[in-house]
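Inspection log for the structure reproduced underneath, given as structure tokens.
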Amino acid sequence: MDRPLATARGRKPQHQKKQRQKLKSAASAANRLVTKPQSRKDRKTALAAAARLFELAERNGTKIEFVGAEESDGEDIGMEEAMAERGFDARDASPDAWAAFWRSKPSVVAIDAEGTHLEPPLLVQVACDTSKDVIIVQPGTSVGPDLARLLQDEAIKKCFFGAPKNERLGCSLRNVVDVQRAAGPGEGGRSRGLAEVCGEFVRGAPYAKDKRLQKSFGFVRDRNWRPSPEQRSYAAADAWATLEVWRRLPRKRSR
């Protein structure tokens with residue numbers, strides 16, 4: 001039941017407009033609850049709505065089809081949108097940005113990187129538990145003094161989605177946790193991506209992931225490159241999502 005249900009289509013219903021409206025209402029309810037559940041109760045309600053839909057369709061001689069999530073209207077929510085809805089925003093690294101960061105005295109930060117074909121990577125994003133600014137660092141030959149200080153600060157927990165070494169930060173790390181590992185695998189032991197894990201934790205369904213933006217960093221070789229607004233938002237959302245996963249982990253599993 002994780003895929004949205006299509007509204008009835010195929011053969012024309014044999015009953016009148018009222019019966020067709022019942023079918024559309026049942027399909028709409030099932031779609032909404034399956035793709036945007038807010039609780040376990042919503043999942044059960046979605047099953048009931050789907051059962052009602054098929055009952056009405058059988059009486060009506062109407063064909064019901066499943067469609068992929070990409071075919072449903074308005075159901076996909078990207079992590080960038082979810083981040084913005086919660087008041088978080090990307091902020092370029094600067095002396096002022098770092099000064100505000102240190103004044104906020106974070107105890108937990110989430111770190112993500114883009115363009116890890118280079119070392120250090122093209123971008124390093126930092127979200128923290130005491131601010132809604134996601135700092136975007138664009139390293140040169142090193143990550144810089146503030147980021148290096150953060151990465152080596154034993155008092156601040158650093159959360160990564162995946163093994164920290166994969167980010168190729170080029171400096172030592174202290175007090176780190178892999179929240180992907182802490183969250184656990186999916187059904188059958190399969191590995192789960194950030195958009196899936198964060199979406200399931202935050203809203204009960206995976207977030208959409210822009211594969212075009214995801215791949216765009218891999219083509220960059222020039223350190224003087226500047227990310228587009230869309231790339232900045234995409235990168236910041238990865239750090240935000242990593243922090244959201246940490247916040248929702250049972251503490252006993254993340255030690």
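Residues in the structure tokens are named by chain (A, B, ... in the order shown) and by number from 1 within that chain; ligands are numbered from 1 in the order shown.
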
Next item on the list: Skip Ala84 in chain A itself and residues of its chain fewer than 3 positions away, then list as number ranges by chain all residues within 10 Å of it, counting only C-alpha atoms.
Entry: A: 79-81, 87-90, 132, 233, 237, 240

Margin query: Which residues are close to range 104-107 of chain A, i.e. within 12 Å by only C-alpha atoms, leaving aside same-chain residues fewer than 4 positions away? Reply as a ChimeraX atom specification.
Written below: /A:97-100,126-133,150,153-159,175,243

Store the residues of this selection in a file with all heavy atoms, as a short mmCIF file (atom, residue, chain, number, x, y, z; two decimals), in the first residue's frame.
```cif
data_model
loop_
_atom_site.label_atom_id
_atom_site.label_comp_id
_atom_site.auth_asym_id
_atom_site.auth_seq_id
_atom_site.Cartn_x
_atom_site.Cartn_y
_atom_site.Cartn_z
N ALA A 97 28.92 34.38 10.08
CA ALA A 97 28.14 33.14 10.20
C ALA A 97 28.75 32.21 11.23
O ALA A 97 28.04 31.62 12.06
CB ALA A 97 28.06 32.45 8.84
N TRP A 98 30.07 32.08 11.20
CA TRP A 98 30.73 31.21 12.18
C TRP A 98 30.66 31.80 13.59
O TRP A 98 30.50 31.06 14.57
CB TRP A 98 32.18 30.96 11.79
CG TRP A 98 32.34 29.88 10.76
CD1 TRP A 98 32.80 30.01 9.48
CD2 TRP A 98 32.04 28.49 10.93
NE1 TRP A 98 32.80 28.78 8.84
CE2 TRP A 98 32.34 27.83 9.71
CE3 TRP A 98 31.54 27.73 11.98
CZ2 TRP A 98 32.17 26.47 9.52
CZ3 TRP A 98 31.36 26.36 11.80
CH2 TRP A 98 31.67 25.75 10.60
N ALA A 99 30.76 33.12 13.71
CA ALA A 99 30.65 33.74 15.04
C ALA A 99 29.28 33.46 15.65
O ALA A 99 29.16 33.14 16.84
CB ALA A 99 30.90 35.24 14.93
N ALA A 100 28.23 33.57 14.81
CA ALA A 100 26.88 33.27 15.30
C ALA A 100 26.74 31.80 15.68
O ALA A 100 26.08 31.45 16.66
CB ALA A 100 25.85 33.65 14.23
N VAL A 126 26.65 22.30 7.27
CA VAL A 126 26.59 22.08 8.72
C VAL A 126 25.25 22.60 9.25
O VAL A 126 24.95 23.79 9.16
CB VAL A 126 27.74 22.81 9.45
CG1 VAL A 126 27.66 22.55 10.95
CG2 VAL A 126 29.09 22.39 8.89
N ALA A 127 24.45 21.70 9.80
CA ALA A 127 23.21 22.06 10.49
C ALA A 127 23.41 21.78 11.97
O ALA A 127 24.11 20.82 12.33
CB ALA A 127 22.02 21.26 9.95
N CYS A 128 22.81 22.58 12.85
CA CYS A 128 23.02 22.36 14.27
C CYS A 128 21.71 22.45 15.05
O CYS A 128 20.69 22.90 14.52
CB CYS A 128 24.03 23.35 14.84
SG CYS A 128 23.46 25.05 14.95
N ASP A 129 21.76 22.03 16.30
CA ASP A 129 20.56 21.96 17.13
C ASP A 129 20.20 23.28 17.81
O ASP A 129 19.22 23.35 18.54
CB ASP A 129 20.70 20.86 18.19
CG ASP A 129 21.86 21.12 19.16
OD1 ASP A 129 22.74 21.94 18.83
OD2 ASP A 129 21.88 20.49 20.23
N THR A 130 20.97 24.34 17.56
CA THR A 130 20.72 25.62 18.23
C THR A 130 20.45 26.77 17.26
O THR A 130 20.37 27.92 17.68
CB THR A 130 21.91 25.99 19.13
OG1 THR A 130 23.11 25.93 18.34
CG2 THR A 130 22.02 25.03 20.32
N SER A 131 20.35 26.48 15.99
CA SER A 131 20.13 27.52 14.98
C SER A 131 19.41 26.93 13.78
O SER A 131 19.48 25.73 13.54
CB SER A 131 21.48 28.12 14.54
OG SER A 131 21.31 28.99 13.43
N LYS A 132 18.73 27.80 13.03
CA LYS A 132 18.07 27.36 11.81
C LYS A 132 18.87 27.75 10.56
O LYS A 132 18.37 27.62 9.44
CB LYS A 132 16.65 27.90 11.75
CG LYS A 132 15.76 27.26 12.80
CD LYS A 132 14.29 27.51 12.56
CE LYS A 132 13.45 26.70 13.55
NZ LYS A 132 12.00 26.86 13.33
N ASP A 133 20.09 28.21 10.78
CA ASP A 133 20.99 28.44 9.66
C ASP A 133 21.76 27.16 9.35
O ASP A 133 22.29 26.52 10.26
CB ASP A 133 22.02 29.54 10.00
CG ASP A 133 21.41 30.92 10.03
OD1 ASP A 133 20.40 31.15 9.34
OD2 ASP A 133 21.96 31.79 10.75
N LEU A 150 35.50 22.62 14.60
CA LEU A 150 34.26 21.90 14.89
C LEU A 150 34.46 20.39 14.80
O LEU A 150 34.05 19.64 15.69
CB LEU A 150 33.17 22.35 13.91
CG LEU A 150 31.88 21.53 13.90
CD1 LEU A 150 31.19 21.58 15.26
CD2 LEU A 150 30.94 22.02 12.81
N ASP A 153 36.23 19.00 17.80
CA ASP A 153 35.71 19.36 19.12
C ASP A 153 35.03 18.15 19.76
O ASP A 153 33.97 17.71 19.31
CB ASP A 153 34.72 20.52 19.00
CG ASP A 153 34.34 21.13 20.34
OD1 ASP A 153 34.32 20.39 21.36
OD2 ASP A 153 34.06 22.33 20.38
N GLU A 154 35.62 17.61 20.81
CA GLU A 154 35.10 16.42 21.47
C GLU A 154 33.74 16.66 22.11
O GLU A 154 32.95 15.73 22.29
CB GLU A 154 36.11 15.95 22.52
CG GLU A 154 35.74 14.65 23.22
CD GLU A 154 35.79 13.45 22.29
OE1 GLU A 154 36.73 13.39 21.48
OE2 GLU A 154 34.90 12.58 22.39
N ALA A 155 33.44 17.91 22.47
CA ALA A 155 32.20 18.22 23.20
C ALA A 155 30.97 18.28 22.29
O ALA A 155 29.84 18.27 22.78
CB ALA A 155 32.36 19.54 23.95
N ILE A 156 31.18 18.38 20.99
CA ILE A 156 30.06 18.51 20.05
C ILE A 156 29.93 17.22 19.25
O ILE A 156 30.88 16.79 18.58
CB ILE A 156 30.26 19.70 19.10
CG1 ILE A 156 30.39 21.00 19.89
CG2 ILE A 156 29.08 19.80 18.12
CD1 ILE A 156 30.69 22.22 19.02
N LYS A 157 28.75 16.61 19.29
CA LYS A 157 28.51 15.38 18.53
C LYS A 157 28.31 15.73 17.06
O LYS A 157 27.55 16.64 16.72
CB LYS A 157 27.29 14.64 19.07
CG LYS A 157 27.09 13.28 18.39
CD LYS A 157 25.92 12.52 19.01
CE LYS A 157 26.21 12.09 20.42
NZ LYS A 157 27.32 11.09 20.48
N LYS A 158 29.00 14.99 16.19
CA LYS A 158 28.88 15.17 14.76
C LYS A 158 28.13 14.00 14.13
O LYS A 158 28.56 12.86 14.24
CB LYS A 158 30.27 15.27 14.10
CG LYS A 158 30.85 16.68 14.05
CD LYS A 158 31.31 17.17 15.39
CE LYS A 158 32.57 16.46 15.82
NZ LYS A 158 33.09 16.99 17.12
N CYS A 159 27.01 14.29 13.49
CA CYS A 159 26.17 13.25 12.87
C CYS A 159 26.41 13.23 11.36
O CYS A 159 26.38 14.28 10.71
CB CYS A 159 24.70 13.52 13.14
SG CYS A 159 24.27 13.59 14.89
N ASN A 175 34.11 12.40 18.14
CA ASN A 175 32.72 12.33 18.61
C ASN A 175 31.74 12.31 17.43
O ASN A 175 30.95 13.23 17.24
CB ASN A 175 32.41 13.50 19.55
CG ASN A 175 31.09 13.28 20.29
OD1 ASN A 175 30.44 12.25 20.17
ND2 ASN A 175 30.69 14.28 21.07
N LEU A 243 20.15 15.88 10.52
CA LEU A 243 19.85 16.33 11.88
C LEU A 243 18.48 15.84 12.33
O LEU A 243 18.29 15.41 13.47
CB LEU A 243 19.92 17.85 11.95
CG LEU A 243 19.72 18.48 13.33
CD1 LEU A 243 20.84 18.07 14.28
CD2 LEU A 243 19.64 20.01 13.21
#
```

Next item on the list: For CA of Phe160 in chain A and CA of Val177 in chain A, quote the distance in Å rounded to one decimal.
Entry: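 Taking CA of Phe160 in chain A as the start and CA of Val177 in chain A as the end point, the length is 6.2 Å.
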
Next item on the list: Based on DSSP run over this structure's backbone, return all residues of range 171-215 of chain A in alpha helix (DSSP H), as a PyMOL selection string.
Entry: chain A and resi 179-183+194-202+211-215

Using the selection just defined, write its residues with C-alpha atoms as a short mmCIF file (atom, residue, chain, number, x, y, z; two decimals), in the first residue's frame.
```cif
data_model
loop_
_atom_site.label_atom_id
_atom_site.label_comp_id
_atom_site.auth_asym_id
_atom_site.auth_seq_id
_atom_site.Cartn_x
_atom_site.Cartn_y
_atom_site.Cartn_z
CA VAL A 179 22.83 7.90 11.80
CA GLN A 180 22.20 5.73 8.75
CA ARG A 181 23.62 2.77 10.61
CA ALA A 182 21.79 3.75 13.81
CA ALA A 183 18.46 3.99 11.95
CA LEU A 194 18.55 9.77 3.46
CA ALA A 195 15.35 10.90 1.72
CA GLU A 196 13.65 7.64 2.63
CA VAL A 197 14.78 7.48 6.26
CA CYS A 198 14.13 11.15 7.03
CA GLY A 199 10.77 11.10 5.27
CA GLU A 200 9.64 8.01 7.14
CA PHE A 201 10.71 9.53 10.46
CA VAL A 202 9.26 13.01 9.87
CA LYS A 211 18.52 13.06 -9.04
CA ARG A 212 19.56 15.77 -11.49
CA LEU A 213 20.85 18.01 -8.70
CA GLN A 214 22.35 15.03 -6.90
CA LYS A 215 24.50 14.21 -9.92
#
```

Next item on the list: Please give the complete set of residues from range 109-195 of chain A that DSSP, run on the backbone, assigns to strand (DSSP E), formatted as a PyMOL selection string.
Entry: chain A and resi 109-114+123-128+133-137+157-160+176-178

Residue selection dump (C-alpha atoms) as a short mmCIF file (atom, residue, chain, number, x, y, z; two decimals), in the first residue's frame:
```
data_model
loop_
_atom_site.label_atom_id
_atom_site.label_comp_id
_atom_site.auth_asym_id
_atom_site.auth_seq_id
_atom_site.Cartn_x
_atom_site.Cartn_y
_atom_site.Cartn_z
CA VAL A 109 25.62 19.12 14.47
CA ALA A 110 24.81 17.26 11.27
CA ILE A 111 27.39 17.31 8.52
CA ASP A 112 27.04 16.43 4.86
CA ALA A 113 29.22 17.03 1.82
CA GLU A 114 28.76 17.34 -1.93
CA LEU A 123 30.80 21.77 -0.34
CA VAL A 124 30.42 20.93 3.32
CA GLN A 125 27.08 21.68 4.97
CA VAL A 126 26.59 22.08 8.72
CA ALA A 127 23.21 22.06 10.49
CA CYS A 128 23.02 22.36 14.27
CA ASP A 133 20.99 28.44 9.66
CA VAL A 134 22.63 25.68 7.66
CA ILE A 135 26.18 26.84 7.01
CA ILE A 136 27.52 26.15 3.52
CA VAL A 137 31.30 25.85 3.46
CA LYS A 157 28.51 15.38 18.53
CA LYS A 158 28.88 15.17 14.76
CA CYS A 159 26.17 13.25 12.87
CA PHE A 160 26.77 11.84 9.40
CA VAL A 176 30.95 11.13 15.46
CA VAL A 177 27.91 8.95 14.81
CA ASP A 178 26.60 7.34 11.63
#
```

Next item on the list: Could you jot down the CA of Pro164 in chain A to CA of Pro227 in chain A separation for me, Å, one decimal place?
Entry: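 Atom-to-atom, CA of Pro164 in chain A and CA of Pro227 in chain A are spaced 22.9 Å apart.
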
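Between Arg223 in chain A and the candidates A:Pro185, A:Gln138, A:Pro145, A:Glu85, the tightest atom-to-atom separation, counting only C-alpha atoms, involves A:Gln138.
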
Margin query: Between CA of Phe217 in chain A and CA of His117 in chain A, what is the distance in Å, rounded to a tenth?
Written below: 9.0 Å

Check: Pick the closest to Pro120 in chain A from A:Gly218, A:Gly144, A:Pro250, A:Gly170: which is it, counting only C-alpha atoms?
Finding: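 The closest residue to Pro120 in chain A is A:Gly170.
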
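Each of A:Asp210, A:Gly188, A:Glu230, A:Glu167 was checked against Gly115 in chain A using only C-alpha atoms; the smallest atom-to-atom distance is that of A:Glu167.
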